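A.B. asks: The following file, data37.tsv, comprises TSV, C-alpha atoms:
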chain	number	residue	atom	x	y	z
A	61	MET	CA	11.16	21.81	19.31
A	62	ASP	CA	14.98	21.75	19.23
A	63	GLU	CA	14.79	18.01	18.58
A	64	ILE	CA	12.42	18.49	15.63
A	65	ARG	CA	14.69	21.19	14.17
A	66	ALA	CA	17.66	18.85	14.52
A	67	LEU	CA	15.72	16.04	12.82
A	68	GLN	CA	14.64	18.38	10.01
A	69	LYS	CA	18.25	19.46	9.42
A	70	MET	CA	19.33	15.82	9.12
A	71	VAL	CA	16.50	14.99	6.71
A	72	ASP	CA	17.37	18.04	4.60
A	73	GLU	CA	21.00	16.91	4.33
A	74	CYS	CA	20.25	13.31	3.38
A	75	GLY	CA	18.88	11.64	0.27
A	76	ARG	CA	19.18	7.95	1.12
A	77	ILE	CA	17.11	7.62	4.28
A	78	VAL	CA	16.06	4.18	5.51
A	79	PHE	CA	13.35	3.73	8.13
A	80	PHE	CA	13.51	0.71	10.44
A	81	GLY	CA	10.24	0.33	12.36
A	82	GLY	CA	8.49	-1.90	14.83
A	83	ALA	CA	5.11	-2.27	16.53
A	84	GLY	CA	5.17	1.28	17.92
A	85	VAL	CA	4.71	2.61	14.39
A	86	SER	CA	1.23	1.05	14.19
A	87	THR	CA	-0.08	1.74	17.70
A	88	GLU	CA	-1.42	5.10	16.48
A	89	SER	CA	-3.53	3.08	14.02
A	90	GLY	CA	-5.10	1.11	16.88
A	91	ILE	CA	-2.92	-2.00	16.63
A	92	PRO	CA	-1.55	-2.87	20.09
A	93	ASP	CA	2.15	-3.19	20.78
A	94	PHE	CA	2.84	-6.72	22.05
A	95	ARG	CA	5.33	-5.55	24.65
A	96	SER	CA	3.58	-2.47	26.03
A	97	VAL	CA	1.88	-2.46	29.42
A	98	ASP	CA	-1.47	-3.25	27.77
A	99	GLY	CA	0.05	-5.47	25.11
A	100	LEU	CA	-0.31	-9.13	24.32
A	101	TYR	CA	2.59	-10.21	26.52
A	102	HIS	CA	0.81	-8.84	29.59
A	103	GLN	CA	-2.44	-10.70	28.93
A	104	GLN	CA	-3.26	-14.14	30.27
A	105	TYR	CA	-3.66	-17.10	27.93
A	106	ALA	CA	-3.29	-20.87	28.24
A	107	TYR	CA	0.11	-20.51	26.57
A	108	PRO	CA	2.49	-17.54	26.23
A	109	PRO	CA	2.25	-15.61	22.92
A	110	GLU	CA	5.59	-16.99	21.69
A	111	GLU	CA	4.13	-20.49	21.98
A	112	MET	CA	0.72	-19.61	20.55
A	113	LEU	CA	2.39	-18.08	17.49
A	114	SER	CA	5.03	-20.78	17.05
A	115	HIS	CA	5.46	-23.24	14.21
A	116	THR	CA	5.02	-26.05	16.74
A	117	MET	CA	1.58	-24.73	17.77
A	118	TYR	CA	0.62	-24.40	14.10
A	119	GLU	CA	1.65	-28.01	13.50
A	120	LYS	CA	0.45	-29.66	16.73
A	121	LYS	CA	-2.55	-27.57	17.84
A	122	THR	CA	-3.60	-26.03	14.55
A	123	GLU	CA	-7.15	-25.02	15.49
A	124	ALA	CA	-5.98	-23.27	18.68
A	125	PHE	CA	-3.31	-21.48	16.66
A	126	PHE	CA	-5.87	-20.10	14.19
A	127	GLU	CA	-8.29	-19.05	16.94
A	128	PHE	CA	-5.52	-17.02	18.60
A	129	TYR	CA	-4.28	-15.67	15.25
A	130	ARG	CA	-7.71	-14.39	14.20
A	131	ALA	CA	-8.41	-12.85	17.60
A	132	LYS	CA	-5.08	-11.12	18.19
A	133	LEU	CA	-3.27	-10.46	14.92
A	134	LEU	CA	-5.96	-9.34	12.48
A	135	TYR	CA	-7.02	-5.68	12.51
A	136	PRO	CA	-8.80	-5.11	9.17
A	137	GLN	CA	-10.20	-1.76	10.36
A	138	ALA	CA	-6.72	-0.27	10.90
A	139	ARG	CA	-5.72	2.61	8.63
A	140	PRO	CA	-2.34	4.28	7.98
A	141	ASN	CA	-1.43	6.98	10.49
A	142	ALA	CA	0.75	10.09	10.22
A	143	ALA	CA	3.97	8.06	10.37
A	144	HIS	CA	3.01	5.79	7.47
A	145	LYS	CA	1.84	8.76	5.39
A	146	LYS	CA	4.95	10.85	6.01
A	147	LEU	CA	7.26	7.97	5.06
A	148	ALA	CA	5.33	7.42	1.83
A	149	HIS	CA	5.65	11.15	1.10
A	150	LEU	CA	9.41	11.10	1.76
A	151	GLU	CA	9.77	8.20	-0.65
A	152	GLN	CA	7.76	10.01	-3.32
A	153	LYS	CA	10.03	13.04	-2.91
A	154	GLY	CA	13.09	10.85	-3.46
A	155	LYS	CA	14.40	11.20	0.09
A	156	LEU	CA	13.54	7.77	1.47
A	157	LEU	CA	15.30	4.72	0.07
A	158	ALA	CA	13.29	2.03	1.85
A	159	VAL	CA	11.15	1.01	4.81
A	160	VAL	CA	12.28	-2.04	6.76
A	161	THR	CA	9.47	-3.17	9.05
A	162	GLN	CA	8.89	-5.83	11.67
A	163	ASN	CA	5.13	-5.23	11.34
A	164	ILE	CA	2.78	-7.54	9.47
A	165	ASP	CA	-0.18	-5.20	8.96
A	166	GLY	CA	0.56	-3.87	5.45
A	167	LEU	CA	-0.09	-0.26	6.50
A	168	HIS	CA	3.08	1.11	4.89
A	169	GLN	CA	1.91	-0.08	1.47
A	170	ALA	CA	-1.63	1.13	2.19
A	171	ALA	CA	-0.17	4.61	2.76
A	172	GLY	CA	1.64	4.48	-0.58
A	173	SER	CA	5.14	3.23	0.25
A	174	ARG	CA	6.54	1.05	-2.52
A	175	ASN	CA	9.96	-0.14	-1.35
A	176	VAL	CA	8.99	-2.03	1.82
A	177	TYR	CA	10.86	-4.98	3.31
A	178	GLU	CA	8.44	-6.92	5.52
A	179	LEU	CA	10.79	-8.95	7.71
A	180	HIS	CA	8.00	-10.92	9.37
A	181	GLY	CA	5.61	-11.25	6.43
A	182	SER	CA	2.06	-9.92	6.11
A	183	VAL	CA	-1.40	-10.87	7.36
A	184	LEU	CA	-2.76	-9.68	4.00
A	185	ARG	CA	-1.26	-12.71	2.24
A	186	ASN	CA	-2.26	-16.32	2.89
A	187	ARG	CA	-1.32	-19.36	0.87
A	188	CYS	CA	-2.48	-22.96	0.56
A	189	VAL	CA	0.35	-25.21	1.70
A	190	ARG	CA	-0.72	-27.86	-0.82
A	191	CYS	CA	-1.47	-26.11	-4.12
A	192	GLY	CA	-0.08	-22.62	-3.46
A	193	ARG	CA	-3.31	-20.73	-4.15
A	194	GLU	CA	-3.28	-17.30	-2.55
A	195	TYR	CA	-6.01	-15.84	-0.34
A	196	GLY	CA	-6.61	-12.39	1.14
A	197	ILE	CA	-7.27	-11.39	4.73
A	198	ASP	CA	-11.06	-11.62	4.29
A	199	PHE	CA	-10.80	-15.35	3.68
A	200	LEU	CA	-9.13	-15.85	7.06
A	201	LEU	CA	-11.52	-13.49	8.84
A	202	ASN	CA	-14.58	-15.24	7.47
A	203	SER	CA	-13.31	-18.76	8.11
A	204	THR	CA	-13.77	-20.80	11.28
A	205	GLY	CA	-11.63	-23.52	12.75
A	206	ILE	CA	-8.80	-24.51	10.44
A	207	PRO	CA	-9.09	-22.66	7.08
A	208	HIS	CA	-8.92	-24.97	4.09
A	209	CYS	CA	-8.42	-24.36	0.40
A	210	GLY	CA	-10.75	-25.91	-2.20
A	211	CYS	CA	-8.07	-28.56	-2.78
A	212	GLY	CA	-8.20	-29.56	0.90
A	213	GLY	CA	-4.89	-28.01	1.95
A	214	ILE	CA	-4.52	-25.71	4.95
A	215	VAL	CA	-4.40	-21.99	4.14
A	216	LYS	CA	-1.40	-20.69	6.11
A	217	PRO	CA	-0.73	-17.00	6.78
A	218	ASP	CA	2.36	-15.56	5.10
A	219	VAL	CA	3.68	-14.56	8.50
A	220	VAL	CA	6.98	-15.64	10.03
A	221	LEU	CA	6.13	-17.66	13.13
A	222	TYR	CA	8.40	-18.29	16.08
A	223	GLU	CA	10.82	-21.14	15.19
A	224	GLU	CA	10.68	-20.16	11.50
A	225	GLY	CA	13.45	-18.40	9.61
A	226	LEU	CA	13.18	-15.05	7.86
A	227	ASP	CA	12.86	-14.91	4.08
A	228	GLN	CA	16.44	-14.68	2.78
A	229	ASN	CA	15.58	-12.49	-0.21
A	230	ILE	CA	13.81	-9.94	1.98
A	231	LEU	CA	16.65	-10.09	4.50
A	232	ARG	CA	19.20	-9.51	1.74
A	233	GLY	CA	17.26	-6.52	0.38
A	234	ALA	CA	16.93	-4.98	3.84
A	235	VAL	CA	20.66	-5.36	4.50
A	236	GLN	CA	21.52	-3.76	1.16
A	237	ALA	CA	19.21	-0.81	1.82
A	238	ILE	CA	20.53	-0.20	5.35
A	239	SER	CA	24.12	-0.52	4.14
A	240	ALA	CA	23.49	2.09	1.43
A	241	ALA	CA	21.70	4.57	3.71
A	242	ASP	CA	23.13	7.93	4.71
A	243	MET	CA	20.52	8.20	7.48
A	244	LEU	CA	18.82	5.46	9.48
A	245	ILE	CA	15.70	6.21	11.50
A	246	ILE	CA	14.89	3.52	14.08
A	247	ALA	CA	11.36	4.02	15.40
A	248	GLY	CA	8.66	2.30	17.42
A	249	THR	CA	10.75	-0.68	18.39
A	250	SER	CA	12.43	-1.89	21.57
A	251	LEU	CA	15.01	-3.71	19.38
A	252	ALA	CA	14.29	-6.84	21.40
A	253	VAL	CA	13.37	-9.11	18.47
A	254	TYR	CA	16.23	-10.94	16.78
A	255	PRO	CA	17.45	-11.50	14.15
A	256	ALA	CA	15.53	-8.51	12.77
A	257	SER	CA	17.02	-5.94	15.14
A	258	GLY	CA	20.53	-7.13	14.28
A	259	LEU	CA	20.14	-5.58	10.83
A	260	ILE	CA	20.74	-2.06	12.14
A	261	HIS	CA	24.42	-2.93	12.66
A	262	TYR	CA	24.88	-2.84	8.89
A	263	PHE	CA	24.39	0.93	8.99
A	264	SER	CA	27.52	3.03	8.58
A	265	GLY	CA	26.02	6.27	7.25
A	266	LYS	CA	25.97	9.83	8.52
A	267	TYR	CA	23.05	10.05	10.95
A	268	LEU	CA	21.44	7.52	13.28
A	269	VAL	CA	18.11	8.63	14.76
A	270	VAL	CA	16.00	6.82	17.36
A	271	ILE	CA	12.34	7.73	17.93
A	272	ASN	CA	10.66	5.66	20.64
A	273	LYS	CA	8.56	6.05	23.78
A	274	THR	CA	10.87	3.83	25.84
A	275	ALA	CA	14.62	3.28	26.01
A	276	THR	CA	16.42	1.14	23.41
A	277	ALA	CA	19.87	-0.40	23.16
A	278	MET	CA	20.84	2.18	20.51
A	279	ASP	CA	19.95	5.37	22.40
A	280	GLN	CA	23.54	6.09	23.44
A	281	LYS	CA	24.88	5.53	19.93
A	282	ALA	CA	22.25	7.69	18.23
A	283	ASP	CA	23.08	11.13	16.85
A	284	LEU	CA	19.55	12.11	17.85
A	285	HIS	CA	17.19	10.42	20.29
A	286	ILE	CA	13.58	11.59	20.52
A	287	CYS	CA	11.27	10.18	23.18
A	288	GLY	CA	7.77	10.29	21.71
A	289	ARG	CA	5.14	8.84	19.42
A	290	VAL	CA	6.40	8.15	15.93
A	291	GLY	CA	3.50	9.71	14.04
A	292	GLU	CA	3.52	12.87	16.16
A	293	VAL	CA	7.25	13.34	15.56
A	294	LEU	CA	7.39	12.54	11.84
A	295	SER	CA	4.31	14.63	11.03
A	296	GLN	CA	6.38	17.73	11.94
A	297	VAL	CA	9.07	16.94	9.35
A	298	GLU	CA	8.96	18.51	5.90
A	299	ALA	CA	10.19	16.59	2.86
So that I can check it, write out the structure of this file as structure tokens.

C.D. replies:
Amino acid sequence: MDEIRALQKMVDECGRIVFFGGAGVSTESGIPDFRSVDGLYHQQYAYPPEEMLSHTMYEKKTEAFFEFYRAKLLYPQARPNAAHKKLAHLEQKGKLLAVVTQNIDGLHQAAGSRNVYELHGSVLRNRCVRCGREYGIDFLLNSTGIPHCGCGGIVKPDVVLYEEGLDQNILRGAVQAISAADMLIIAGTSLAVYPASGLIHYFSGKYLVVINKTATAMDQKADLHICGRVGEVLSQVEA
């Protein structure tokens, strides 16, 4: 409980909190963490996940890409958990400046967060590469093979694949938010995915907090390190 009291004191003192989260934020909503023991990287497929979710696979073996994408990245039944809800509440109370997320599930917005920087895009958005028409997640879920728009173009998920660059506008917004923060909470991420994890180095505020079940590269630099589940920890914090 000393850790929770310390976290509460920091939250009370700060008014420009930024939350930087990864896959561990959504595991409590039933979405598996790729790098956990039971995650995608420990399952056997014809190709490793990095290859299955690469731009090359999308271009060269498009049908196989979409089969894998539908089976392993779409969780329409997932709902916001305690972490998503608490962050939305902190934003509504004027304490939280922004959420910067590596996740693509849209759960932060579903919980009510408004200022969200989705570094890797979102499965909720899909766009025809030919005419630009937008489609929701249901279109992808109900399609088979390669999904096509009425114009004949392929409907591509608005998700950053391996070998693709991050959206520069989103990147710029995330950097500005982190740079302006007086408190940065890093949670549910191993900080193994670049360039996204490199953004935390723009933080120069008062308190750096790490909440994660396993060790990260920032543990020693953190003012507070809590080993635990993100939702369980944040649910004990008052706005």

A.B. asks: Distance cut-off 8 Å, centre (12.7, -2.8, 23.5) in file coordinates, counting only C-alpha atoms: which residues qualify? Return them as an MDAnalysis selection string.

C.D. replies: chainID A and resid 95 249:252 274:277

A.B. asks: Give me, please, the distance in Å between CA of Leu259 (chain A) and CA of Glu111 (chain A), quoted to one decimal.

C.D. replies: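 Pair CA of Leu259 (chain A) / CA of Glu111 (chain A) returns 24.6 Å.
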
A.B. asks: Measuring between all atoms listed in the file, which one of A:Arg174, A:Leu201, A:Leu179, A:Met117 shows the shortest distance to Gly258 (chain A)?

C.D. replies: A:Leu179

A.B. asks: Rank A:Asp72, A:His149, A:His208, A:Tyr177 by their smallest atom-to-atom distance to Asn229 (chain A), using only C-alpha atoms, and report the top residue only.

C.D. replies: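 Under the stated criterion, the closest residue is A:Tyr177.
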
A.B. asks: Rank nothing, just name the residue among A:His180, A:Arg193, A:Lys69, A:Lys216 nearest to Glu123 (chain A), using all atoms listed in the file.

C.D. replies: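 Using all atoms listed in the file, Glu123 (chain A) sits closest to A:Lys216.
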
A.B. asks: Using CA of Ser86 (chain A) and CA of Arg139 (chain A) as the two end points, give the distance in Å to one decimal.

C.D. replies: 9.0 Å

A.B. asks: From the set A:Gln280, A:Thr122, A:Asn175, A:Gln137, which residue has the shortest atom-to-atom contact distance to Glu151 (chain A), counting all atoms listed in the file?

C.D. replies: A:Asn175
